[in-house]
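K.L.:
Pasting a structure here, questions to come.
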Amino acid sequence: MSETRYTDQHEWVRVEGDEGTVGITRYATEQLGDVVYVELPKVGKVLAKKAEAAVVESVKAASEVYAPVGGTVTAVNDALNADPAKVNASPEGEGWFFKLKLAGKDEVSALMTAAQYADYVKGL
Amino acid sequence: MTDTNEVLLRTPLHALHVELGAKMVPFAGYDMPVQYPTGILKEHLHTREKAGLFDVSHMGQAFLSGDDPARALERVTPADLAGLKDGMQRYGLLLNDAGGIKDDFMTSRLIGERALYLVVNASMKESDFAYIAERLKGLAVLSPKPERALLALQGPAAEAVLARHAPAVASLTFMKVIRADIAGIPAIVSRTGYTGEDGFEISVAGQDAEKLARVLLKEPDVLPIGLGARDSLRLEAGLCLYGHDIDETTDPVEADLVWSIGKRRKMDKDFPAAEKIMDKVFNGTPRKRVGIRPDGKAPARDNTEIADKSGRVIGRITSGGFGPSLNAPLAMGYVEAAFAADGTEIDLLVRGRALPARVVPMPFVPHGYKRAKPNS
């Protein structure tokens with residue numbers, strides 16, 4: 001049983017047990033354009049909620065990706081080094097960025113649900 | 001600097017860009033397409049493989065008339081314009097009195113016409129036109145042509161595409177310019193561009209621009225290309241972007257644009273700050289514009305500091321990003337002269353880390369220009 005939640009900075013986190021998988025949303029990839037490089041955090045790095053966690057670069061510009069919730073990085077998606085275009089092709093699937101062992105669950109419930117995020121994006 | 005209340009100008013192709021689904025952004029005071037639904041990466045690669053159509057109508061076009069407009073214009077540029085032959089275009093630098101670069105621009109001598117045809121950068125056109133008019137007062141009259149549109153058709157298929165609508169263009173070689181009708185539309189066509197590819201720049205009356213664009217976009221090899229790919233294409237071609245790679249704080253020697261100074265002009269030293277510039281030509285300059293390839297995959301953007309291997313800052317990136325044809329990051333920037341040799345190992349200071357890189361020759365991607373054969 002997993003649940004995906006969203007931030008107003010267009011990150012998503014999919015929570016399974018005490019682990020969260022983090023990436024950026026389809027809307028974010030459409031704004032960025034073609035992703036050409038992703039700088040991922042090191043495994044073991046402790047991230048506070050809203051801390052800078054990764055950098056995603058398109059042809060035109062670099063953008064920061066923030067940790068949607070606090071936790072310790074347990075895995076990163078190394079496949080993005082060879083094929084950063086996965087982020088555009090499948091932002092909520094193969095284009096995931098990193099996994100976190102969550103510091104606490106209450107931070108998750110404060111984030112937007114899929115329906116709330118869809119409404120938020122419509123208003124942008 | 002973004003002023004959201006600023007009223008953006010529109011080129012004659014604005015409605016077409018919107019119809020084609022372009023993402024529009026402010027650029028040099030105009031609402032311009034940064035990309036179409038194709039996306040920057042594919043737009044870039046398509047231009048290198050087939051042909052791309054660019055709207056560059058925001059650039060400044062003008063005619064310069066007078067008894068000898070070429071001699072007059074030489075007051076503000078070191079280019080050899082008096083020696084510019086009929087039917088040829090030439091690149092030049094507009095210099096201030098200190099030898100700083102006010103802009104770079106193109107001058108054309110159209111066959112059988114006394115007036116010169118000029119194209120300057122969009123962001124600088126008002127300033128350039130005022131400067132030229134003032135410096136050439138009494139010698140030549142500058143007539144800006146804001147009502148004209150400018151399209152660029154770039155890529156290896158450009159000749160075949162354009163020749164279907166204007167057979168005369170096939171005989172042009174790099175830097176030649178003619179007046180020709182394209183699908184019945186009167187145009188000034190030059191075999192030039194800003195992508196490193198073979199191609200054409202086409203100046204037409206604003207009211208004819210959309211008709212011409214639609215004719216060219218109907219061609220299966222042609223896609224509309226936005227400013228995003230225009231920037232990555234010119235960077236791979238090693239071409240300067242005014243305001244980034246050259247400006248009033250840089251001179252022709254450190255910018256590595258001495259080739260744009262005419263031989264006669266070097267001898268006569270009759271251009272702004274000629275003594276100072278020629279001294280640098282012979283005795284060297286403290287810093288130099290160079291090409292840079294990061295060893296890794298992370299791009300280093302404009303204003304990234306460049307350091308030597310001991311960590312001392314020796315320069316700054318002026319254009320940096322990702323080259324879709326290289327499939328790798330690339331940059332140009334200024335370094336102290338001692339670090340300007342090809343192969344020099346340097347570090348790029350990106351997000352608090354030193355990323356290894358090296359100085360490389362430009363262009364990063366070979367030019368595809370159709371040059372005239374020697375002795376022909």
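Chains: A, B, ... in order of the structure tokens. Residues: from 1 per chain. Ligands: from 1, in order shown.
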Distance limit 10 Å, atoms considered: only C-alpha atoms. Which chain A residues sit that close to chain B? Return them as a PDB file with N, CA and C atoms, in the first residue's frame.
P.N.:
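Dumped everything to selection_6.pdb:
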```pdb
ATOM      1  N   GLU A  30       7.704  19.450 -17.699  1.00  0.00           N
ATOM      2  CA  GLU A  30       7.224  20.248 -18.839  1.00  0.00           C
ATOM      3  C   GLU A  30       7.752  21.684 -18.763  1.00  0.00           C
ATOM      4  N   GLN A  31       7.881  22.193 -17.537  1.00  0.00           N
ATOM      5  CA  GLN A  31       8.434  23.542 -17.382  1.00  0.00           C
ATOM      6  C   GLN A  31       9.939  23.559 -17.696  1.00  0.00           C
ATOM      7  N   GLY A  33      11.726  21.377 -19.585  1.00  0.00           N
ATOM      8  CA  GLY A  33      12.152  20.909 -20.900  1.00  0.00           C
ATOM      9  C   GLY A  33      13.064  19.693 -20.749  1.00  0.00           C
ATOM     10  N   ASP A  34      13.834  19.417 -21.815  1.00  0.00           N
ATOM     11  CA  ASP A  34      14.632  18.194 -21.852  1.00  0.00           C
ATOM     12  C   ASP A  34      15.706  18.192 -20.766  1.00  0.00           C
ATOM     13  N   VAL A  35      15.651  17.200 -19.889  1.00  0.00           N
ATOM     14  CA  VAL A  35      16.649  17.085 -18.823  1.00  0.00           C
ATOM     15  C   VAL A  35      17.926  16.464 -19.392  1.00  0.00           C
ATOM     16  N   VAL A  36      19.064  17.095 -19.125  1.00  0.00           N
ATOM     17  CA  VAL A  36      20.337  16.602 -19.664  1.00  0.00           C
ATOM     18  C   VAL A  36      21.305  16.146 -18.571  1.00  0.00           C
ATOM     19  N   TYR A  37      21.006  16.454 -17.321  1.00  0.00           N
ATOM     20  CA  TYR A  37      21.898  16.074 -16.226  1.00  0.00           C
ATOM     21  C   TYR A  37      21.138  16.160 -14.901  1.00  0.00           C
ATOM     22  N   VAL A  38      21.367  15.170 -14.045  1.00  0.00           N
ATOM     23  CA  VAL A  38      20.796  15.209 -12.697  1.00  0.00           C
ATOM     24  C   VAL A  38      21.917  14.964 -11.703  1.00  0.00           C
ATOM     25  N   GLU A  39      22.048  15.882 -10.739  1.00  0.00           N
ATOM     26  CA  GLU A  39      23.027  15.687  -9.667  1.00  0.00           C
ATOM     27  C   GLU A  39      22.280  15.141  -8.465  1.00  0.00           C
ATOM     28  N   VAL A  55      20.011  18.470  -8.049  1.00  0.00           N
ATOM     29  CA  VAL A  55      19.938  19.536  -9.055  1.00  0.00           C
ATOM     30  C   VAL A  55      19.561  18.890 -10.375  1.00  0.00           C
ATOM     31  N   VAL A  56      18.617  19.479 -11.063  1.00  0.00           N
ATOM     32  CA  VAL A  56      18.212  18.951 -12.361  1.00  0.00           C
ATOM     33  C   VAL A  56      18.518  20.032 -13.401  1.00  0.00           C
ATOM     34  N   GLU A  57      19.215  19.608 -14.454  1.00  0.00           N
ATOM     35  CA  GLU A  57      19.636  20.584 -15.473  1.00  0.00           C
ATOM     36  C   GLU A  57      18.985  20.265 -16.812  1.00  0.00           C
ATOM     37  N   SER A  58      18.408  21.293 -17.421  1.00  0.00           N
ATOM     38  CA  SER A  58      17.901  21.172 -18.783  1.00  0.00           C
ATOM     39  C   SER A  58      18.930  21.825 -19.702  1.00  0.00           C
ATOM     40  N   VAL A  59      18.652  21.841 -21.013  1.00  0.00           N
ATOM     41  CA  VAL A  59      19.580  22.510 -21.926  1.00  0.00           C
ATOM     42  C   VAL A  59      19.780  23.950 -21.471  1.00  0.00           C
ATOM     43  N   LYS A  60      18.713  24.579 -21.034  1.00  0.00           N
ATOM     44  CA  LYS A  60      18.759  26.008 -20.737  1.00  0.00           C
ATOM     45  C   LYS A  60      19.225  26.377 -19.336  1.00  0.00           C
ATOM     46  N   ALA A  61      18.855  25.588 -18.305  1.00  0.00           N
ATOM     47  CA  ALA A  61      19.072  26.087 -16.948  1.00  0.00           C
ATOM     48  C   ALA A  61      19.187  24.963 -15.923  1.00  0.00           C
ATOM     49  N   ALA A  62      19.703  25.330 -14.750  1.00  0.00           N
ATOM     50  CA  ALA A  62      19.795  24.403 -13.623  1.00  0.00           C
ATOM     51  C   ALA A  62      18.716  24.756 -12.600  1.00  0.00           C
ATOM     52  N   ASN A  81      22.202   8.869 -14.584  1.00  0.00           N
ATOM     53  CA  ASN A  81      23.509   9.348 -15.075  1.00  0.00           C
ATOM     54  C   ASN A  81      23.667   9.040 -16.552  1.00  0.00           C
ATOM     55  N   ALA A  82      23.303   7.814 -16.938  1.00  0.00           N
ATOM     56  CA  ALA A  82      23.455   7.414 -18.333  1.00  0.00           C
ATOM     57  C   ALA A  82      22.306   7.935 -19.187  1.00  0.00           C
TER      58      ALA A  82
END
```
K.L.:
Please provide the set of residues having any atom within 6 Å of Gly92 of chain B, restricted to only C-alpha atoms, with same-chain residues fewer than 6 positions apart removed, written as an MDAnalysis selection string.
P.N.:
chainID B and resid 79 104:105 260
K.L.:
When you look at Thr72 of chain A with a cut-off of 9 Å (counting only C-alpha atoms), what residues show up, excluding the ones that are within fewer than 5 positions of it in the same chain? I need them as a list in words.
P.N.:
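Counting only the stated atoms, we get Val43, Gly44, Lys45, Val46, Leu47, Ala48, Lys99, Leu100, Lys101, Leu102 and Ala103 of chain A.
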K.L.:
Determine, counting only C-alpha atoms, which protein, DNA and RNA residues have an atom within 9 Å of an atom of Val76 of chain B; residues of the same chain fewer than 3 positions away are not included. Present the result as a PyMOL selection string.
P.N.:
chain B and resi 72-73+93-97+131-132+135-136+271-272
K.L.:
May I ask for the distance between atom CA of Val360 of chain B and atom CA of Lys266 of chain B, given in Å to one decimal place?
P.N.:
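Distance between the two atoms: 27.9 Å.
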K.L.:
So which bits of segment 64-173 of chain B end up helix (DSSP H, G or I) when you DSSP the backbone, as a PyMOL selection string?
P.N.:
chain B and resi 69-73+122-135+158-163+167-171
K.L.:
Which neighbours of Glu345 of chain B fall inside 8 Å, counting only C-alpha atoms, when residues of the same chain fewer than 5 positions from it are skipped, and could you give them as a PDB file with C-alpha atoms, in the first residue's frame?
P.N.:
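Once everything was written out, this is out19.pdb:
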```
ATOM      1  CA  ASP B 308      43.640  26.786 -11.726  1.00  0.00           C
ATOM      2  CA  LYS B 309      44.570  23.471 -10.112  1.00  0.00           C
ATOM      3  CA  PRO B 356      37.754  19.281 -13.714  1.00  0.00           C
ATOM      4  CA  ALA B 357      37.671  20.678 -17.247  1.00  0.00           C
ATOM      5  CA  ARG B 358      40.041  21.596 -20.037  1.00  0.00           C
ATOM      6  CA  VAL B 359      40.577  24.349 -22.551  1.00  0.00           C
TER       7      VAL B 359
END
```
K.L.:
Using only C-alpha atoms, which residues sit within 12 Å of Glu94 of chain A once same-chain residues fewer than 5 positions away are excluded, as a PDB file with N, CA and C atoms, in the first residue's frame?
P.N.:
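So the final result, stored in selection-v7.pdb, reads:
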```pdb
ATOM      1  N   THR A  21      10.080   7.405  -1.823  1.00  0.00           N
ATOM      2  CA  THR A  21      10.785   7.592  -3.088  1.00  0.00           C
ATOM      3  C   THR A  21      10.435   8.988  -3.598  1.00  0.00           C
ATOM      4  N   VAL A  22      11.469   9.736  -4.049  1.00  0.00           N
ATOM      5  CA  VAL A  22      11.277  11.148  -4.406  1.00  0.00           C
ATOM      6  C   VAL A  22      11.614  11.382  -5.876  1.00  0.00           C
ATOM      7  N   GLY A  23      10.829  12.239  -6.514  1.00  0.00           N
ATOM      8  CA  GLY A  23      11.120  12.665  -7.887  1.00  0.00           C
ATOM      9  C   GLY A  23      10.452  13.997  -8.145  1.00  0.00           C
ATOM     10  N   ILE A  24      10.440  14.413  -9.413  1.00  0.00           N
ATOM     11  CA  ILE A  24       9.752  15.652  -9.774  1.00  0.00           C
ATOM     12  C   ILE A  24       8.555  15.314 -10.668  1.00  0.00           C
ATOM     13  N   VAL A  76      19.947   5.999  -4.615  1.00  0.00           N
ATOM     14  CA  VAL A  76      19.757   7.008  -5.666  1.00  0.00           C
ATOM     15  C   VAL A  76      19.592   6.293  -7.006  1.00  0.00           C
ATOM     16  N   ASN A  77      18.944   6.961  -7.942  1.00  0.00           N
ATOM     17  CA  ASN A  77      18.655   6.342  -9.242  1.00  0.00           C
ATOM     18  C   ASN A  77      19.836   6.566 -10.191  1.00  0.00           C
ATOM     19  N   ASP A  78      20.831   5.678 -10.102  1.00  0.00           N
ATOM     20  CA  ASP A  78      22.043   5.831 -10.914  1.00  0.00           C
ATOM     21  C   ASP A  78      21.762   5.780 -12.415  1.00  0.00           C
ATOM     22  N   ALA A  79      20.647   5.164 -12.789  1.00  0.00           N
ATOM     23  CA  ALA A  79      20.306   5.061 -14.225  1.00  0.00           C
ATOM     24  C   ALA A  79      20.167   6.444 -14.864  1.00  0.00           C
ATOM     25  N   LEU A  80      19.908   7.472 -14.050  1.00  0.00           N
ATOM     26  CA  LEU A  80      19.753   8.823 -14.604  1.00  0.00           C
ATOM     27  C   LEU A  80      21.079   9.395 -15.101  1.00  0.00           C
ATOM     28  N   ASP A  83      21.130   8.048 -18.597  1.00  0.00           N
ATOM     29  CA  ASP A  83      19.955   8.398 -19.393  1.00  0.00           C
ATOM     30  C   ASP A  83      19.049   9.378 -18.648  1.00  0.00           C
ATOM     31  N   PRO A  84      19.492  10.640 -18.554  1.00  0.00           N
ATOM     32  CA  PRO A  84      18.686  11.632 -17.821  1.00  0.00           C
ATOM     33  C   PRO A  84      17.318  11.880 -18.461  1.00  0.00           C
ATOM     34  N   ALA A  85      17.158  11.487 -19.728  1.00  0.00           N
ATOM     35  CA  ALA A  85      15.874  11.694 -20.410  1.00  0.00           C
ATOM     36  C   ALA A  85      14.750  10.875 -19.785  1.00  0.00           C
ATOM     37  N   LYS A  86      15.110   9.888 -18.932  1.00  0.00           N
ATOM     38  CA  LYS A  86      14.081   9.123 -18.213  1.00  0.00           C
ATOM     39  C   LYS A  86      13.200  10.049 -17.373  1.00  0.00           C
ATOM     40  N   VAL A  87      13.790  11.164 -16.922  1.00  0.00           N
ATOM     41  CA  VAL A  87      13.026  12.100 -16.083  1.00  0.00           C
ATOM     42  C   VAL A  87      11.851  12.669 -16.883  1.00  0.00           C
ATOM     43  N   ASN A  88      12.082  12.992 -18.167  1.00  0.00           N
ATOM     44  CA  ASN A  88      10.999  13.502 -19.011  1.00  0.00           C
ATOM     45  C   ASN A  88      10.038  12.387 -19.408  1.00  0.00           C
ATOM     46  N   ALA A  89      10.604  11.218 -19.711  1.00  0.00           N
ATOM     47  CA  ALA A  89       9.781  10.135 -20.248  1.00  0.00           C
ATOM     48  C   ALA A  89       8.859   9.563 -19.172  1.00  0.00           C
TER      49      ALA A  89
END
```
K.L.:
With distances taken over only C-alpha atoms, which residue among A:Gly104, A:Gln9, A:Pro91, A:Ala115 lies nearest Ser63 of chain A?
P.N.:
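Using only C-alpha atoms, Ser63 of chain A sits closest to A:Gln9.
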K.L.:
Find the residues near Ser325 of chain B: any atom within 12 Å, counting only C-alpha atoms, skip ones fewer than 4 places away on the same chain, and give them as a count of residues only.
P.N.:
25
K.L.:
Using only C-alpha atoms for the distances, tell me which of B:Leu13, B:Gly112, B:Gln154, B:Gln61 is nearest to Ile225 of chain B.
P.N.:
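Looking only at the distances to Ile225 of chain B, the closest residue turns out to be B:Gln154.
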K.L.:
Would you return as a ChimeraX atom specification the members of segment 78-129 of chain B that DSSP assigns to strand (DSSP E or B) on this structure's backbone?
P.N.:
/B:88-95,101-109,116-120
K.L.:
Given only C-alpha atoms as the basis, pick out the residue of A:Gly20, A:Glu11, A:Ala75, A:Gly123 nearest to Lys50 of chain A.
P.N.:
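So, comparing all the options, the nearest one is A:Glu11.
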